[in-house]
$ cat work.cif   # mmCIF, C-alpha atoms
data_model
#
loop_
_atom_site.label_atom_id
_atom_site.label_comp_id
_atom_site.auth_asym_id
_atom_site.auth_seq_id
_atom_site.Cartn_x
_atom_site.Cartn_y
_atom_site.Cartn_z
CA MET R 193 0.00 0.00 0.00
CA VAL R 194 1.46 3.29 -1.05
CA ASN R 195 1.47 6.25 1.21
CA ALA R 196 3.65 9.27 1.60
CA SER R 197 5.51 8.13 4.67
CA GLU R 198 6.48 4.95 2.78
CA ILE R 199 7.61 7.01 -0.22
CA GLU R 200 9.56 9.32 2.06
CA LYS R 201 11.10 6.47 4.01
CA GLN R 202 12.17 4.56 0.92
CA LEU R 203 13.28 7.29 -1.45
CA LEU R 204 14.36 10.37 0.48
CA PRO R 205 17.40 8.77 2.15
CA HIS R 206 18.96 8.43 -1.31
CA VAL R 207 18.98 12.07 -2.35
CA ASP R 208 22.77 12.23 -1.91
CA ALA R 209 23.29 9.13 -4.02
CA ALA R 210 20.95 10.47 -6.70
CA TYR R 211 22.61 13.87 -6.76
CA ASN R 212 26.14 12.47 -6.77
CA LEU R 213 25.35 10.27 -9.77
CA ALA R 214 23.53 13.05 -11.60
CA ARG R 215 26.31 15.50 -10.83
CA TRP R 216 28.90 13.16 -12.28
CA LEU R 217 26.77 12.41 -15.32
CA THR R 218 25.92 16.00 -16.18
CA GLY R 219 29.00 17.71 -14.81
CA ASP R 220 26.93 20.63 -13.57
CA ASP R 221 25.17 21.50 -10.34
CA GLN R 222 22.00 23.05 -11.77
CA ASP R 223 21.60 20.34 -14.39
CA ALA R 224 22.12 17.67 -11.74
CA ARG R 225 19.36 19.26 -9.63
CA ASP R 226 17.01 19.21 -12.61
CA VAL R 227 17.86 15.60 -13.38
CA VAL R 228 17.35 14.54 -9.76
CA GLN R 229 14.07 16.37 -9.48
CA GLU R 230 12.75 14.88 -12.68
CA ALA R 231 13.84 11.42 -11.56
CA TYR R 232 12.19 11.79 -8.17
CA LEU R 233 8.95 12.94 -9.77
CA LYS R 234 8.95 9.79 -11.87
CA ALA R 235 9.87 7.70 -8.87
CA PHE R 236 7.03 9.18 -6.80
CA ARG R 237 4.59 8.63 -9.62
CA PHE R 238 5.64 5.06 -10.31
CA PHE R 239 6.42 4.11 -6.74
CA ASP R 240 3.86 1.30 -7.02
CA THR R 241 6.03 -0.49 -9.57
CA MET R 242 9.01 -0.70 -7.21
CA LYS R 243 7.30 -3.54 -5.33
CA GLY R 244 9.87 -5.75 -3.61
CA LEU R 245 12.94 -4.21 -5.26
CA ASP R 246 15.65 -2.39 -3.34
CA ALA R 247 14.87 1.29 -3.36
CA LYS R 248 18.40 2.54 -3.98
CA PRO R 249 19.27 0.74 -7.24
CA TRP R 250 15.69 1.20 -8.42
CA LEU R 251 15.89 4.95 -7.87
CA LEU R 252 19.41 5.28 -9.27
CA LYS R 253 18.28 3.55 -12.43
CA ILE R 254 15.65 6.26 -12.92
CA VAL R 255 18.23 8.95 -12.15
CA ARG R 256 20.59 7.41 -14.67
CA ASN R 257 17.87 7.34 -17.35
CA SER R 258 17.05 10.98 -16.72
CA GLY R 259 20.75 11.78 -16.78
CA TYR R 260 21.23 10.04 -20.10
CA THR R 261 18.25 11.85 -21.57
CA TRP R 262 19.90 15.07 -20.47
CA LEU R 263 23.21 14.00 -22.02
CA GLU R 264 21.55 13.27 -25.32
CA LYS R 265 19.92 16.67 -25.37
CA ASN R 266 23.11 18.43 -24.39
CA ARG R 267 25.69 16.45 -26.30
CA GLY R 268 28.76 18.55 -26.80
CA ALA R 269 27.84 20.93 -24.03
CA ARG R 270 30.39 19.33 -21.74
CA GLU R 271 33.31 20.22 -23.97
CA ALA R 272 32.55 23.83 -23.23
CA VAL R 273 32.93 23.32 -19.50
CA GLU R 274 36.48 24.06 -18.55
CA TYR R 275 38.06 22.92 -15.41
CA ASP R 276 37.81 25.64 -12.81
CA ASP R 277 39.32 25.43 -9.37
CA GLU R 278 36.73 27.84 -8.03
CA VAL R 279 33.92 25.55 -9.07
CA HIS R 280 35.59 22.21 -8.82
CA GLY R 281 37.69 23.14 -5.83
CA GLU R 282 38.52 20.70 -3.14
CA PRO R 283 36.03 20.27 -0.34
CA ALA R 284 37.15 20.37 3.27
CA ALA R 285 39.49 17.65 4.42
CA GLY R 286 38.16 14.51 6.03
CA ALA R 287 38.88 11.89 3.41
CA ASP R 288 38.25 8.35 4.47
CA PRO R 289 41.72 6.93 5.16
CA GLU R 290 40.99 3.39 4.02
CA SER R 291 39.22 4.24 0.82
CA LEU R 292 40.11 2.98 -2.57
CA LEU R 293 41.97 4.11 -5.60
CA LEU R 294 40.31 7.48 -5.98
CA GLN R 295 41.39 8.87 -2.66
CA ARG R 296 44.95 7.82 -3.22
CA LEU R 297 45.14 10.02 -6.24
CA GLU R 298 45.62 13.68 -6.01
CA GLN R 299 42.11 15.03 -5.55
CA SER R 300 41.60 17.66 -8.14
CA ARG R 301 43.47 15.66 -10.78
CA ALA R 302 41.35 12.64 -9.97
CA ARG R 303 38.24 14.70 -10.22
CA HIS R 304 39.30 16.20 -13.51
CA ALA R 305 40.31 12.81 -14.89
CA LEU R 306 37.06 11.21 -13.78
CA GLU R 307 35.13 14.01 -15.47
CA ARG R 308 36.85 13.20 -18.74
CA LEU R 309 36.28 9.46 -18.57
CA PRO R 310 33.74 8.04 -21.04
CA VAL R 311 30.37 7.99 -19.37
CA ALA R 312 30.06 4.18 -19.11
CA TYR R 313 33.30 3.99 -17.12
CA ARG R 314 32.54 7.13 -15.18
CA GLU R 315 29.17 5.94 -13.94
CA ALA R 316 30.51 2.49 -13.05
CA LEU R 317 33.33 4.01 -11.00
CA VAL R 318 31.07 6.58 -9.35
CA LEU R 319 28.61 3.89 -8.31
CA TYR R 320 31.28 1.45 -7.19
CA GLU R 321 33.94 3.64 -5.62
CA LEU R 322 31.92 6.57 -4.37
CA GLU R 323 28.52 5.04 -3.76
CA GLY R 324 29.76 1.66 -2.58
CA LEU R 325 27.23 -0.26 -4.67
CA SER R 326 27.87 -3.93 -5.39
CA TYR R 327 28.56 -5.25 -8.90
CA LYS R 328 25.09 -6.74 -8.86
CA GLU R 329 23.45 -3.45 -7.91
CA ILE R 330 25.40 -1.59 -10.58
CA ALA R 331 24.22 -4.15 -13.09
CA GLU R 332 20.64 -3.40 -12.03
CA VAL R 333 21.13 0.35 -12.32
CA THR R 334 22.89 0.32 -15.68
CA GLY R 335 21.16 -2.65 -17.25
CA ALA R 336 24.54 -4.19 -18.11
CA ALA R 337 25.62 -7.75 -17.30
CA ILE R 338 27.68 -8.23 -14.13
CA GLY R 339 30.72 -9.25 -16.18
CA THR R 340 30.44 -6.06 -18.17
CA VAL R 341 30.21 -4.02 -14.98
CA MET R 342 33.34 -5.66 -13.60
CA SER R 343 35.30 -5.06 -16.76
CA ARG R 344 34.11 -1.44 -16.96
CA ILE R 345 35.30 -0.83 -13.43
CA SER R 346 38.68 -2.37 -14.04
CA ARG R 347 39.15 -0.66 -17.39
CA GLY R 348 37.81 2.56 -15.96
CA ARG R 349 40.43 2.46 -13.22
CA ALA R 350 43.18 1.77 -15.70
CA ARG R 351 42.02 4.68 -17.89
CA LEU R 352 41.72 6.92 -14.89
CA GLN R 353 45.25 6.11 -13.81
CA ALA R 354 46.51 6.75 -17.30
CA LEU R 355 44.70 10.10 -17.42
CA VAL R 356 46.03 11.13 -14.03
CA ALA R 357 49.55 10.04 -14.98
CA ALA R 358 49.32 12.01 -18.21
CA GLY R 359 48.06 14.99 -16.23
CA ASN R 360 51.02 14.70 -13.87
CA GLU R 361 53.49 14.66 -16.70
CA ALA R 362 52.07 17.68 -18.42
CA GLU R 363 53.01 20.91 -16.67
CA ASP R 364 49.70 22.53 -17.40
CA PRO R 365 46.86 20.31 -16.25
CA LYS R 366 44.50 21.86 -18.80
CA MET S 192 25.29 4.80 4.79
CA SER S 193 28.63 4.06 3.34
CA ASP S 194 31.77 5.69 4.65
CA ASN S 195 32.71 6.37 1.07
CA LYS S 196 30.39 9.30 1.33
CA ARG S 197 33.20 11.25 2.80
CA SER S 198 35.26 10.84 -0.31
CA PRO S 199 36.32 14.27 -1.46
CA LEU S 200 34.95 13.39 -4.87
CA TYR S 201 31.47 12.74 -3.51
CA TYR S 202 28.96 15.48 -4.31
CA GLU S 203 26.47 15.76 -1.50
CA ALA S 204 23.03 17.01 -2.39
CA PRO S 205 22.40 20.71 -1.76
CA THR S 206 20.04 21.36 1.16
CA GLU S 207 17.54 23.20 -1.05
CA LEU S 208 17.25 20.16 -3.27
CA ARG S 209 16.73 17.89 -0.30
CA ARG S 210 14.02 20.19 1.09
CA GLY S 211 12.34 20.57 -2.27
CA LEU S 212 12.13 16.83 -2.76
CA ALA S 213 10.75 16.30 0.74
CA ALA S 214 8.04 18.86 0.00
CA LEU S 215 7.36 17.20 -3.31
CA ALA S 216 7.02 13.80 -1.60
CA ARG S 217 4.39 15.25 0.70
CA GLY S 218 2.43 16.35 -2.34
CA PHE S 219 2.14 12.70 -3.27
CA GLU S 220 0.38 11.79 -0.08
CA PRO S 221 -2.96 10.13 -0.61
CA ARG S 222 -5.53 12.88 -0.47
CA GLU S 223 -7.08 13.52 2.86
CA ARG S 224 -10.52 12.06 3.14
CA ALA S 225 -12.90 14.82 3.97
CA PRO S 226 -13.98 14.70 7.60
CA GLY S 227 -17.60 13.83 7.92
CA ARG S 228 -17.61 11.65 4.89
CA PHE S 229 -18.20 8.62 7.06
CA GLU S 230 -20.48 10.33 9.50
CA TRP S 231 -23.35 8.05 8.58
CA LEU S 232 -21.32 5.24 10.11
CA GLY S 233 -21.71 6.84 13.50
CA GLY S 234 -24.42 4.48 14.63
CA LEU S 235 -22.63 1.31 13.65
CA LYS S 236 -20.44 -0.74 15.90
CA LEU S 237 -16.82 0.33 15.87
CA ALA S 238 -15.54 -2.93 14.46
CA ALA S 239 -17.95 -2.86 11.59
CA ALA S 240 -17.14 0.77 10.98
CA SER S 241 -13.43 0.23 10.79
CA LEU S 242 -13.94 -2.74 8.50
CA VAL S 243 -15.92 -0.60 6.13
CA THR S 244 -13.33 2.14 6.42
CA ILE S 245 -10.54 -0.27 5.65
CA ALA S 246 -12.46 -1.57 2.66
CA ALA S 247 -13.08 1.98 1.50
CA VAL S 248 -9.41 2.80 1.86
CA ILE S 249 -8.44 -0.28 -0.09
CA VAL S 250 -10.89 0.59 -2.84
CA THR S 251 -9.70 4.18 -2.94
CA ARG S 252 -6.04 3.28 -2.98
CA SER S 253 -6.18 0.25 -5.21
CA ALA S 254 -7.53 2.53 -7.88
CA SER S 255 -3.93 3.65 -7.87
CA VAL S 256 -4.23 5.53 -11.13
CA PRO S 257 -4.41 9.09 -9.86
CA SER S 258 -7.31 11.20 -11.07
CA ALA S 259 -6.65 13.79 -13.75
CA GLU S 260 -6.96 16.50 -11.13
CA ASP S 261 -4.45 14.76 -8.86
CA ARG S 262 -2.00 14.49 -11.70
CA VAL S 263 -2.34 18.14 -12.64
CA THR S 264 -2.02 19.12 -8.98
CA GLN S 265 1.21 17.16 -8.73
CA GLU S 266 2.52 18.76 -11.89
CA VAL S 267 1.56 22.22 -10.72
CA VAL S 268 3.35 21.68 -7.41
CA ALA S 269 6.34 20.22 -9.27
CA SER S 270 6.46 23.25 -11.54
CA HIS S 271 6.39 25.51 -8.49
CA VAL S 272 9.14 23.61 -6.70
CA ARG S 273 11.25 23.51 -9.86
CA SER S 274 10.88 27.24 -10.33
CA LEU S 275 12.13 27.88 -6.82
CA MET S 276 14.96 25.39 -6.75
CA VAL S 277 17.02 27.14 -9.37
CA SER S 278 16.78 30.90 -9.15
CA SER S 279 17.27 31.36 -12.90
CA HIS S 280 14.21 29.20 -13.54
CA LEU S 281 11.80 31.48 -11.73
CA THR S 282 11.17 33.97 -14.52
CA ASP S 283 12.06 34.24 -18.19
CA VAL S 284 10.90 37.82 -18.22
CA PRO S 285 11.57 39.41 -14.85
CA SER S 286 9.40 42.49 -14.63
CA SER S 287 6.87 44.04 -12.28
CA GLU S 288 5.24 45.75 -15.26
CA ARG S 289 2.25 43.88 -16.66
CA HIS S 290 2.66 45.70 -19.99
CA THR S 291 6.09 44.09 -20.32
CA VAL S 292 5.10 40.64 -19.13
CA LYS S 293 1.94 40.15 -21.18
CA PRO S 294 3.40 40.89 -24.65
CA TRP S 295 6.41 38.71 -23.87
CA PHE S 296 4.17 35.67 -24.28
CA ASN S 297 3.14 36.72 -27.81
CA GLY S 298 4.18 34.09 -30.31
CA LYS S 299 5.29 31.70 -27.58
CA LEU S 300 1.82 30.39 -26.77
CA ASP S 301 -1.36 29.74 -28.70
CA PHE S 302 -3.25 31.90 -26.22
CA SER S 303 -2.72 35.22 -24.55
CA PRO S 304 -2.71 35.09 -20.76
CA SER S 305 -4.19 37.98 -18.82
CA VAL S 306 -1.71 39.51 -16.43
CA ALA S 307 -3.14 41.14 -13.32
CA ASP S 308 -1.45 43.99 -11.50
CA LEU S 309 -2.18 43.26 -7.84
CA SER S 310 0.56 45.38 -6.31
CA ALA S 311 -2.04 47.58 -4.63
CA HIS S 312 -3.19 44.48 -2.77
CA GLY S 313 0.25 43.48 -1.63
CA PHE S 314 0.98 40.90 -4.31
CA ALA S 315 3.99 42.06 -6.30
CA LEU S 316 4.43 40.83 -9.84
CA LEU S 317 7.92 39.38 -10.33
CA GLY S 318 7.59 38.32 -13.96
CA GLY S 319 6.54 35.56 -16.30
CA ARG S 320 7.86 32.27 -17.52
CA LEU S 321 7.05 29.69 -20.11
CA ASP S 322 6.57 26.30 -18.50
CA TYR S 323 5.49 22.86 -19.59
CA LEU S 324 2.83 20.89 -17.81
CA GLY S 325 2.28 17.40 -19.03
CA GLU S 326 2.86 17.92 -22.71
CA ARG S 327 1.60 21.44 -23.15
CA PRO S 328 3.20 24.85 -22.81
CA VAL S 329 1.58 27.03 -20.17
CA ALA S 330 1.99 30.61 -19.00
CA ALA S 331 3.45 30.97 -15.53
CA LEU S 332 3.11 34.31 -13.77
CA VAL S 333 5.12 34.80 -10.64
CA TYR S 334 3.96 36.94 -7.76
CA GLN S 335 5.29 37.51 -4.31
CA ARG S 336 3.81 38.31 -0.95
CA ARG S 337 6.32 38.91 1.82
CA GLU S 338 8.87 36.11 1.32
CA HIS S 339 6.42 33.77 -0.38
CA LYS S 340 6.50 33.22 -4.11
CA ILE S 341 3.26 32.43 -5.89
CA ASN S 342 3.12 30.71 -9.24
CA LEU S 343 -0.04 31.35 -11.25
CA LEU S 344 -0.23 28.86 -14.11
CA THR S 345 -2.74 29.32 -16.86
CA TRP S 346 -3.74 27.59 -20.07
CA PRO S 347 -6.92 26.97 -22.08
CA SER S 348 -9.40 24.57 -20.52
CA SER S 349 -11.52 21.99 -22.28
CA GLU S 350 -14.30 22.91 -19.85
CA THR S 351 -16.56 25.74 -20.92
CA ALA S 352 -18.28 26.26 -17.56
CA ASP S 353 -16.63 28.57 -15.06
CA ALA S 354 -15.55 27.08 -11.74
CA LYS S 355 -14.87 29.03 -8.57
CA PRO S 356 -11.48 28.94 -6.85
CA LYS S 357 -11.23 25.71 -4.93
CA LEU S 358 -8.52 24.63 -2.52
CA VAL S 359 -7.15 21.48 -4.08
CA SER S 360 -4.28 20.62 -1.79
CA ARG S 361 -2.92 21.75 1.51
CA GLN S 362 -0.06 19.30 1.70
CA GLY S 363 3.13 21.23 1.87
CA TYR S 364 1.73 23.79 -0.54
CA SER S 365 -1.54 25.57 -0.99
CA VAL S 366 -3.03 25.03 -4.43
CA PHE S 367 -6.14 26.74 -5.79
CA HIS S 368 -7.77 25.90 -9.08
CA TRP S 369 -10.49 27.70 -10.98
CA ILE S 370 -11.77 28.11 -14.49
CA ARG S 371 -12.80 31.38 -16.03
CA ALA S 372 -13.78 32.14 -19.61
CA GLY S 373 -12.41 28.84 -20.87
CA MET S 374 -9.05 29.22 -19.14
CA ASN S 375 -7.59 27.03 -16.41
CA TYR S 376 -5.98 28.84 -13.51
CA TRP S 377 -3.80 27.20 -10.92
CA ALA S 378 -2.28 29.17 -8.08
CA VAL S 379 0.37 27.45 -5.98
CA SER S 380 2.43 28.74 -3.09
CA ASP S 381 3.76 27.96 0.34
CA LEU S 382 1.71 30.94 1.43
CA ASN S 383 -1.12 30.02 3.82
CA ALA S 384 -4.34 28.90 2.16
CA GLU S 385 -6.33 31.98 3.28
CA GLU S 386 -4.00 34.49 1.65
CA LEU S 387 -3.74 32.38 -1.47
CA ARG S 388 -7.51 32.28 -1.62
CA GLN S 389 -7.51 36.07 -1.41
CA PHE S 390 -4.98 36.16 -4.24
CA SER S 391 -7.12 33.80 -6.33
CA GLU S 392 -10.25 35.91 -5.80
CA LEU S 393 -8.33 39.03 -6.81
CA VAL S 394 -7.04 37.43 -10.01
CA LEU S 395 -10.54 36.18 -10.76
CA ALA S 396 -12.02 39.65 -10.23
CA TYR S 397 -9.33 41.50 -12.19
#
$ encode --input "work.cif" --output "structure tokens"
Amino acid sequence: MVNASEIEKQLLPHVDAAYNLARWLTGDDQDARDVVQEAYLKAFRFFDTMKGLDAKPWLLKIVRNSGYTWLEKNRGAREAVEYDDEVHGEPAAGADPESLLLQRLEQSRARHALERLPVAYREALVLYELEGLSYKEIAEVTGAAIGTVMSRISRGRARLQALVAAGNEAEDPK
Amino acid sequence: MSDNKRSPLYYEAPTELRRGLAALARGFEPRERAPGRFEWLGGLKLAAASLVTIAAVIVTRSASVPSAEDRVTQEVVASHVRSLMVSSHLTDVPSSERHTVKPWFNGKLDFSPSVADLSAHGFALLGGRLDYLGERPVAALVYQRREHKINLLTWPSSETADAKPKLVSRQGYSVFHWIRAGMNYWAVSDLNAEELRQFSELVLAY
């Protein structure tokens, strides 16, 4: 039985996850807000169809679809977005000491490199490394087979490392 | 929640977004059943009454396809929330001058919205915006009273009969709907219902 408290309980705890994914897909704060809002509207409307599924991957799948729709409409827009320390600056310290690859890399370079990664790798890494989703959950969100998810994560990491290394060699990170 | 959240690469959701979505979720609450609707049950035994109530609730809810009015109400509230979440989305033509706002819609819509100047009544016009509700473009006029923004959405109605302003929702937002001269009007705001009713009556009388 659907009621608001159920909707709130199931979906509202994942606003951060939704925004983080949308932010990494669109590369822009305002666009990410639009994508998240549109996704939540759909999720509220079709909450009935979630049934026994886990709310988080179910919701992130909708966010991803909205994000991809946005990407299609705005193809090429990203090239215009230049790296800007003011905008993409480093948040306050407090990094998790035992976290994975990403945190070991220099932050802003990692961020910049991740932004430039092809979207399939980017979303897989964002969901795995930042969101802590399992391979299986990522497969649900992206509609890809688990094997594909695993290979995207491993290739994504390799590409990311290569991009960061290339960035380190070049004097000018732009 | 995962500790990875503290990764410096993690983008946490802005507070406004979080608040907006929470308000939006409240708009999806099942509509309040009017008090008194089950008054005739008063004489029955409590158990029987609650059984009937439960059955009624099941019937109401299992028809889970929302009514057309519910859907429009949700879209109207969504449009309002969207307009407030990103400041640049509030108005396409920011102006307190109705003679600037009204002509701006020319050529953008297949109808010409009337734009009321209600500044004398304490409702300042902030401007206009083109919005989309469902599949159709609508005119959105933005007013303000104190710190509260009001979105007045209007588009042609398929109904020919006029309908008086009616409070459609009080969940999170006040929403009034009326029909005049073949046009739909929807007023939505976080303003209290009484002041929004006053606003609606003023627009209607303009």
$ residues_around --input "work.cif" --residues "stretch 312-319 of chain S" --least-positions-apart "2" --cutoff "10 Å" --atoms "all atoms listed in the file" --output "PyMOL selection string"
chain S and resi 281-289+291-293+295-296+306-310+321-322+330-337+339-344+389-390+393
$ atom_distance --input "work.cif" --atom1 "atom CA of S:Arg371" --atom2 "atom CA of S:Leu215"
27.7 Å
$ resolve_selection --input "work.cif" --expression "the PyMOL selection byres ((chain R and resi 260-265) around 8)" --output "ChimeraX atom specification"
/R:217-218,227,256-259,266-267
$ resolve_selection --input "work.cif" --expression "the PyMOL selection byres ((chain R and resi 313) around 8)" --output "ChimeraX atom specification"
/R:309-312,314-317,344-345,347-348
$ write_last_selection --input "work.cif" --atoms "C-alpha atoms" --output "tab-separated table (two decimals), keeping the file's coordinate frame"
chain	number	residue	atom	x	y	z
R	309	LEU	CA	36.28	9.46	-18.57
R	310	PRO	CA	33.74	8.04	-21.04
R	311	VAL	CA	30.37	7.99	-19.37
R	312	ALA	CA	30.06	4.18	-19.11
R	314	ARG	CA	32.54	7.13	-15.18
R	315	GLU	CA	29.17	5.94	-13.94
R	316	ALA	CA	30.51	2.49	-13.05
R	317	LEU	CA	33.33	4.01	-11.00
R	344	ARG	CA	34.11	-1.44	-16.96
R	345	ILE	CA	35.30	-0.83	-13.43
R	347	ARG	CA	39.15	-0.66	-17.39
R	348	GLY	CA	37.81	2.56	-15.96
$ atom_distance --input "work.cif" --atom1 "atom CA of S:Pro328" --atom2 "atom CA of S:Ala213"
26.2 Å
$ atom_distance --input "work.cif" --atom1 "atom CA of R:Ile330" --atom2 "atom CA of R:Asp240"
22.0 Å
